[in-house]
$ cat protein_6.txt   # compact mmCIF, C-alpha atoms
# COMPACT_ATOMS: atom_id res chain seq x y z
CA MET A 1033 43.68 65.63 128.95
CA ASP A 1034 43.86 64.03 125.54
CA THR A 1035 46.47 61.51 126.69
CA VAL A 1036 44.02 59.61 128.92
CA GLN A 1037 41.27 57.69 127.18
CA LYS A 1038 37.73 58.19 128.38
CA ASN A 1039 36.56 55.29 130.51
CA ASP A 1040 32.94 54.11 130.32
CA ARG A 1041 32.77 54.11 134.14
CA PHE A 1042 32.89 57.92 134.00
CA LYS A 1043 29.85 58.16 131.67
CA ILE A 1044 26.65 59.87 132.72
CA TYR A 1045 23.70 59.36 130.35
CA VAL A 1046 21.80 62.62 130.61
CA ASP A 1047 18.67 61.32 128.82
CA GLN A 1048 18.11 58.84 131.67
CA LEU A 1049 18.02 61.64 134.23
CA HIS A 1050 15.01 63.60 133.03
CA ASP A 1051 11.70 63.54 134.91
CA GLY A 1052 13.37 63.67 138.34
CA HIS A 1053 15.53 60.58 138.01
CA VAL A 1054 18.74 60.59 140.05
CA GLU A 1055 21.82 58.55 139.32
CA ARG A 1056 23.61 57.41 142.46
CA VAL A 1057 27.39 57.32 142.15
CA ASP A 1058 29.41 55.02 144.40
CA GLU A 1059 32.70 54.30 142.66
CA SER A 1060 36.37 53.77 143.34
CA PHE A 1061 38.52 54.83 140.40
CA ASP A 1062 42.19 54.04 139.95
CA SER A 1063 44.06 57.29 140.62
CA ALA A 1064 45.93 56.88 137.31
CA PHE A 1065 43.11 58.82 135.62
CA LEU A 1066 44.41 61.95 137.39
CA ASP A 1067 47.27 61.80 134.89
CA THR A 1068 49.83 63.79 136.86
CA ASN A 1069 53.39 63.61 135.71
CA GLU A 1070 54.72 65.75 138.52
CA PRO A 1071 57.56 64.49 140.70
CA ASP A 1072 56.24 66.54 143.64
CA LEU A 1073 52.63 65.37 143.40
CA GLN A 1074 51.63 61.74 143.22
CA PHE A 1075 48.48 59.89 144.17
CA LYS A 1076 48.15 56.64 146.09
CA GLY A 1077 45.25 54.26 146.10
CA PRO A 1078 41.81 54.74 144.63
CA VAL A 1079 39.77 57.89 144.22
CA SER A 1080 36.52 57.32 146.09
CA VAL A 1081 33.50 59.11 144.61
CA LYS A 1082 29.99 59.04 146.09
CA GLY A 1083 26.95 61.19 145.48
CA ASP A 1084 24.12 62.03 143.14
CA VAL A 1085 23.85 63.24 139.57
CA TYR A 1086 20.60 64.72 138.27
CA VAL A 1087 19.11 67.21 135.83
CA ALA A 1088 17.68 70.48 137.17
CA GLY A 1089 16.11 72.64 134.51
CA ASN A 1090 18.59 72.88 131.65
CA GLU A 1091 21.62 71.82 133.68
CA LEU A 1092 23.30 68.65 134.81
CA VAL A 1093 24.11 68.77 138.52
CA LEU A 1094 26.83 66.68 140.16
CA HIS A 1095 26.70 66.61 143.97
CA LEU A 1096 29.61 64.44 145.05
CA ALA A 1097 31.95 63.60 147.89
CA MET A 1098 35.47 62.52 146.92
CA SER A 1099 38.63 61.42 148.66
CA VAL A 1100 42.11 60.28 147.66
CA LEU A 1101 45.60 60.15 149.17
CA SER A 1102 48.26 62.36 147.66
CA ILE A 1103 51.99 62.19 148.25
CA VAL A 1104 54.01 65.40 148.38
CA PRO A 1105 57.53 66.09 149.67
CA CYS A 1106 57.99 67.48 153.17
CA THR A 1107 58.78 71.19 152.88
CA ILE A 1108 61.61 70.78 155.39
CA CYS A 1109 63.34 67.45 154.67
CA ASN A 1110 61.84 66.35 151.32
CA THR A 1111 60.66 62.94 152.58
CA PRO A 1112 57.34 61.83 151.05
CA VAL A 1113 54.27 62.84 153.08
CA GLU A 1114 50.80 61.36 152.62
CA VAL A 1115 48.08 63.99 152.58
CA GLU A 1116 44.42 63.04 152.37
CA ILE A 1117 42.40 65.13 149.95
CA LEU A 1118 38.76 65.37 150.97
CA LEU A 1119 36.04 67.05 148.97
CA PRO A 1120 32.96 66.37 151.09
CA ASN A 1121 30.51 68.58 149.23
CA LEU A 1122 31.45 69.17 145.60
CA TYR A 1123 28.80 70.73 143.39
CA GLU A 1124 29.37 71.04 139.67
CA VAL A 1125 26.74 72.43 137.30
CA ILE A 1126 27.05 71.87 133.56
CA PRO A 1127 24.64 73.40 131.01
CA LEU A 1128 22.99 70.63 128.98
CA THR A 1129 23.92 72.57 125.84
CA ASP A 1130 27.58 71.82 126.68
CA ILE A 1131 27.00 68.05 126.68
CA PRO A 1132 27.17 66.71 123.12
CA HIS A 1133 25.13 63.61 122.32
CA GLY A 1134 23.67 63.49 125.86
CA ILE A 1135 26.69 61.73 127.37
CA PHE A 1136 28.77 63.49 130.02
CA PHE A 1137 32.18 62.13 131.00
CA MET A 1138 32.81 63.28 134.57
CA GLN A 1139 36.48 62.26 134.42
CA GLU A 1140 37.87 65.74 133.71
CA THR A 1141 35.54 67.39 136.25
CA LEU A 1142 36.75 65.01 138.99
CA ARG A 1143 40.37 65.48 137.95
CA GLN A 1144 40.18 69.28 138.06
CA ALA A 1145 38.45 69.30 141.45
CA ILE A 1146 41.10 67.03 143.00
CA LEU A 1147 44.03 68.92 141.49
CA LEU A 1148 42.63 72.22 142.75
CA GLU A 1149 42.40 70.79 146.29
CA SER A 1150 45.88 69.22 146.19
CA LYS A 1151 48.30 70.58 148.76
CA THR A 1152 51.66 71.80 147.54
CA PHE A 1153 53.11 72.11 151.04
CA ALA A 1154 53.12 69.52 153.81
CA GLU A 1155 55.36 68.69 156.71
CA CYS A 1156 56.16 65.18 157.89
CA ASN A 1157 55.41 63.88 161.40
CA GLY A 1158 52.16 65.77 161.61
CA GLY A 1159 53.81 69.17 161.16
CA LYS A 1160 56.78 68.44 163.42
CA CYS A 1161 59.59 67.57 161.05
CA PRO A 1162 62.65 66.50 163.06
CA GLN A 1163 64.91 68.56 160.77
CA ARG A 1164 63.05 71.82 161.44
CA LYS A 1165 65.46 72.73 164.27
CA GLU A 1166 68.35 72.61 161.79
CA ILE A 1167 66.87 75.32 159.54
CA THR A 1168 65.37 77.57 162.23
CA PRO A 1169 68.53 79.74 162.52
CA TYR A 1170 68.27 80.51 158.80
CA LEU A 1171 64.66 81.64 158.81
CA ASN A 1172 63.96 85.34 158.63
CA ARG A 1173 62.40 86.64 161.78
CA PRO A 1174 59.93 89.48 161.26
CA SER A 1175 61.14 92.78 162.58
CA SER A 1176 58.87 94.56 165.01
CA ALA A 1177 60.10 97.93 163.78
CA SER A 1178 58.22 99.52 160.94
CA PRO A 1179 60.33 100.48 157.91
CA PHE A 1180 58.48 103.81 157.92
CA GLU A 1181 59.80 104.80 161.34
CA GLN A 1182 62.93 106.16 159.65
CA LEU A 1183 60.92 108.74 157.74
CA GLN A 1184 60.47 112.13 159.27
CA LYS A 1185 57.23 114.01 159.27
CA ASP A 1186 59.02 117.01 157.81
CA ASP A 1187 59.92 114.98 154.69
CA PHE A 1188 56.28 115.06 153.60
CA GLU A 1189 55.33 118.64 154.41
CA SER A 1190 55.79 121.30 151.74

$ encode --input "protein_6.txt" --output "structure tokens"
Amino acid sequence: MDTVQKNDRFKIYVDQLHDGHVERVDESFDSAFLDTNEPDLQFKGPVSVKGDVYVAGNELVLHLAMSVLSIVPCTICNTPVEVEILLPNLYEVIPLTDIPHGIFFMQETLRQAILLESKTFAECNGGKCPQRKEITPYLNRPSSASPFEQLQKDDFES
């Protein structure tokens, strides 16, 4: 993610979190930080992030809730479909030894979590694409017959 510059709004100062201090996060980030250059996955509106960040032992703990709207093509007719991505209970634990200079940028962590939750398939009209009836005759229907029914028991006995 070298193409996107680190934004100060993503900074967590670890030294300020010792002795039981908790940093409350309540931010709306422009979805451009997700840096997706995919024609079949776009994001609309802000990324809402709320939760707590604290130090437990030798680890930084992020306990966050996130949401954003993604836009993917309908799997039937290719029209854009809005799909809400919700991460209501994201936990991320980072060893303090992995945080140089005591400053953690949560940008990449948020980006990875959202991309992992992104849907690649969606159907318009709440799952009832009007063009579905046009492709139904071309869909393979599962056969109830087992492909092994053709084999004879004698074929396996010596």

$ closest_residue --input "protein_6.txt" --among "A:Lys1043, A:His1053, A:Lys1082, A:Lys1160" --to "Glu1140 of chain A" --atoms "all atoms listed in the file"
A:Lys1043

$ residues_around --input "protein_6.txt" --residues "Pro1071 of chain A" --least-positions-apart "5" --cutoff "10 Å" --atoms "all atoms listed in the file" --output "list of chain:residue names"
A:Ile1103, A:Val1104, A:Pro1105

$ atom_distance --input "protein_6.txt" --atom1 "atom CA of Leu1096 of chain A" --atom2 "atom CA of Gln1139 of chain A"
12.8 Å

$ residues_around --input "protein_6.txt" --residues "Val1087 of chain A" --least-positions-apart "4" --cutoff "9 Å" --atoms "all atoms listed in the file" --output "JSON, numbers by chain"
{"A": [1046, 1049, 1050, 1051, 1052, 1053, 1054, 1091, 1092, 1093, 1094, 1128]}

$ closest_residue --input "protein_6.txt" --among "A:Ile1108, A:Val1081, A:Leu1122, A:Met1098" --to "Lys1165 of chain A" --atoms "only C-alpha atoms"
A:Ile1108

$ closest_residue --input "protein_6.txt" --among "A:Gln1074, A:Cys1156, A:Phe1042, A:Cys1106" --to "Leu1142 of chain A" --atoms "all atoms listed in the file"
A:Phe1042

$ closest_residue --input "protein_6.txt" --among "A:Ala1154, A:Ala1064, A:Leu1171, A:Val1057" --to "Thr1111 of chain A" --atoms "all atoms listed in the file"
A:Ala1154

$ atom_distance --input "protein_6.txt" --atom1 "atom CA of Ile1146 of chain A" --atom2 "atom CA of Leu1101 of chain A"
10.3 Å

$ closest_atom_pairs --input "protein_6.txt" --of "segment 1042-1086 of chain A" --to "segment 1147-1152 of chain A" --cutoff "12 Å" --atoms "all atoms listed in the file" --output "Markdown table"
| residue | atom | partner | partner_atom | distance |
| --- | --- | --- | --- | --- |
| A:Ser1063 | CA | A:Leu1147 | CA | 11.7 |
| A:Phe1065 | CA | A:Leu1147 | CA | 11.7 |
| A:Leu1066 | CA | A:Leu1147 | CA | 8.1 |
| A:Asp1067 | CA | A:Leu1147 | CA | 10.2 |
| A:Thr1068 | CA | A:Leu1147 | CA | 9.0 |
| A:Glu1070 | CA | A:Thr1152 | CA | 11.3 |
| A:Pro1071 | CA | A:Thr1152 | CA | 11.6 |
| A:Asp1072 | CA | A:Thr1152 | CA | 8.0 |
| A:Leu1073 | CA | A:Thr1152 | CA | 7.7 |
| A:Gln1074 | CA | A:Ser1150 | CA | 9.9 |
| A:Phe1075 | CA | A:Ser1150 | CA | 9.9 |

$ atom_distance --input "protein_6.txt" --atom1 "atom CA of Thr1168 of chain A" --atom2 "atom CA of Ser1102 of chain A"
27.1 Å

$ closest_residue --input "protein_6.txt" --among "A:Pro1120, A:Val1115, A:Phe1136, A:Cys1109" --to "Ile1167 of chain A" --atoms "all atoms listed in the file"
A:Cys1109

$ residues_around --input "protein_6.txt" --residues "Ser1080 of chain A" --least-positions-apart "3" --cutoff "7 Å" --atoms "all atoms listed in the file" --output "MDAnalysis selection string"
chainID A and resid 1059:1061 1098:1100

$ write_last_selection --input "protein_6.txt" --atoms "C-alpha atoms" --output "PDB file, keeping the file's coordinate frame"
ATOM      1  CA  GLU A1059      32.700  54.300 142.660  1.00  0.00           C
ATOM      2  CA  SER A1060      36.370  53.770 143.340  1.00  0.00           C
ATOM      3  CA  PHE A1061      38.520  54.830 140.400  1.00  0.00           C
ATOM      4  CA  MET A1098      35.470  62.520 146.920  1.00  0.00           C
ATOM      5  CA  SER A1099      38.630  61.420 148.660  1.00  0.00           C
ATOM      6  CA  VAL A1100      42.110  60.280 147.660  1.00  0.00           C
TER       7      VAL A1100
END

$ axis_aligned_box --input "protein_6.txt" --around "segment 1107-1114 of chain A" --padding-each-side "5 Å" --output "AutoDock Vina command-line options"
--center_x 57.1 --center_y 66.3 --center_z 153.2 --size_x 22.5 --size_y 19.8 --size_z 14.3

$ closest_residue --input "protein_6.txt" --among "A:Glu1124, A:Asp1040, A:Asp1047, A:Glu1116" --to "Gly1077 of chain A" --atoms "all atoms listed in the file"
A:Glu1116

$ build_atoms --input "protein_6.txt" --residues "segment 1077-1110 of chain A" --atoms "N, CA and C atoms" --output "compact mmCIF listing (two decimals), in the frame of the given file"
# COMPACT_ATOMS: atom_id res chain seq x y z
N GLY A 1077 46.53 54.90 145.85
CA GLY A 1077 45.25 54.26 146.10
C GLY A 1077 44.15 54.78 145.21
N PRO A 1078 42.93 54.35 145.48
CA PRO A 1078 41.81 54.74 144.63
C PRO A 1078 41.26 56.12 144.97
N VAL A 1079 40.54 56.67 144.01
CA VAL A 1079 39.77 57.89 144.22
C VAL A 1079 38.35 57.43 144.50
N SER A 1080 37.88 57.71 145.69
CA SER A 1080 36.52 57.32 146.09
C SER A 1080 35.56 58.45 145.74
N VAL A 1081 34.49 58.12 145.04
CA VAL A 1081 33.50 59.11 144.61
C VAL A 1081 32.11 58.59 144.96
N LYS A 1082 31.36 59.40 145.71
CA LYS A 1082 29.99 59.04 146.09
C LYS A 1082 29.11 60.27 145.95
N GLY A 1083 27.88 60.06 145.55
CA GLY A 1083 26.95 61.19 145.48
C GLY A 1083 25.85 60.97 144.48
N ASP A 1084 25.25 62.07 144.04
CA ASP A 1084 24.12 62.03 143.14
C ASP A 1084 24.38 62.90 141.92
N VAL A 1085 23.81 62.47 140.80
CA VAL A 1085 23.85 63.24 139.57
C VAL A 1085 22.41 63.33 139.06
N TYR A 1086 21.98 64.54 138.71
CA TYR A 1086 20.60 64.72 138.27
C TYR A 1086 20.51 65.94 137.35
N VAL A 1087 19.37 66.07 136.70
CA VAL A 1087 19.11 67.21 135.83
C VAL A 1087 18.17 68.15 136.56
N ALA A 1088 18.53 69.43 136.59
CA ALA A 1088 17.68 70.48 137.17
C ALA A 1088 17.53 71.56 136.10
N GLY A 1089 16.33 71.68 135.58
CA GLY A 1089 16.11 72.64 134.51
C GLY A 1089 16.89 72.25 133.27
N ASN A 1090 17.76 73.14 132.84
CA ASN A 1090 18.59 72.88 131.65
C ASN A 1090 20.04 72.62 132.02
N GLU A 1091 20.25 72.04 133.22
CA GLU A 1091 21.62 71.82 133.68
C GLU A 1091 21.77 70.44 134.32
N LEU A 1092 22.93 69.90 134.14
CA LEU A 1092 23.30 68.65 134.81
C LEU A 1092 23.98 69.04 136.11
N VAL A 1093 23.56 68.44 137.22
CA VAL A 1093 24.11 68.77 138.52
C VAL A 1093 24.82 67.54 139.08
N LEU A 1094 26.08 67.72 139.47
CA LEU A 1094 26.83 66.68 140.16
C LEU A 1094 26.99 67.14 141.60
N HIS A 1095 26.51 66.34 142.54
CA HIS A 1095 26.70 66.61 143.97
C HIS A 1095 27.44 65.40 144.52
N LEU A 1096 28.74 65.58 144.75
CA LEU A 1096 29.61 64.44 145.05
C LEU A 1096 30.48 64.69 146.26
N ALA A 1097 30.91 63.60 146.86
CA ALA A 1097 31.95 63.60 147.89
C ALA A 1097 33.09 62.74 147.34
N MET A 1098 34.32 63.24 147.46
CA MET A 1098 35.47 62.52 146.92
C MET A 1098 36.60 62.50 147.94
N SER A 1099 37.43 61.47 147.82
CA SER A 1099 38.63 61.42 148.66
C SER A 1099 39.70 60.60 147.94
N VAL A 1100 40.96 60.98 148.22
CA VAL A 1100 42.11 60.28 147.66
C VAL A 1100 43.33 60.68 148.49
N LEU A 1101 44.34 59.83 148.50
CA LEU A 1101 45.60 60.15 149.17
C LEU A 1101 46.58 60.70 148.17
N SER A 1102 47.20 61.82 148.50
CA SER A 1102 48.26 62.36 147.66
C SER A 1102 49.58 62.22 148.41
N ILE A 1103 50.65 62.26 147.67
CA ILE A 1103 51.99 62.19 148.25
C ILE A 1103 52.77 63.39 147.75
N VAL A 1104 53.22 64.22 148.69
CA VAL A 1104 54.01 65.40 148.38
C VAL A 1104 55.26 65.39 149.25
N PRO A 1105 56.33 66.07 148.83
CA PRO A 1105 57.53 66.09 149.67
C PRO A 1105 57.37 67.02 150.87
N CYS A 1106 57.97 66.63 151.98
CA CYS A 1106 57.99 67.48 153.17
C CYS A 1106 58.72 68.77 152.81
N THR A 1107 58.18 69.90 153.22
CA THR A 1107 58.78 71.19 152.88
C THR A 1107 60.10 71.42 153.61
N ILE A 1108 60.38 70.62 154.63
CA ILE A 1108 61.61 70.78 155.39
C ILE A 1108 62.68 69.78 154.93
N CYS A 1109 62.31 68.48 154.92
CA CYS A 1109 63.34 67.45 154.67
C CYS A 1109 63.16 66.68 153.36
N ASN A 1110 62.11 66.97 152.62
CA ASN A 1110 61.84 66.35 151.32
C ASN A 1110 61.40 64.89 151.38
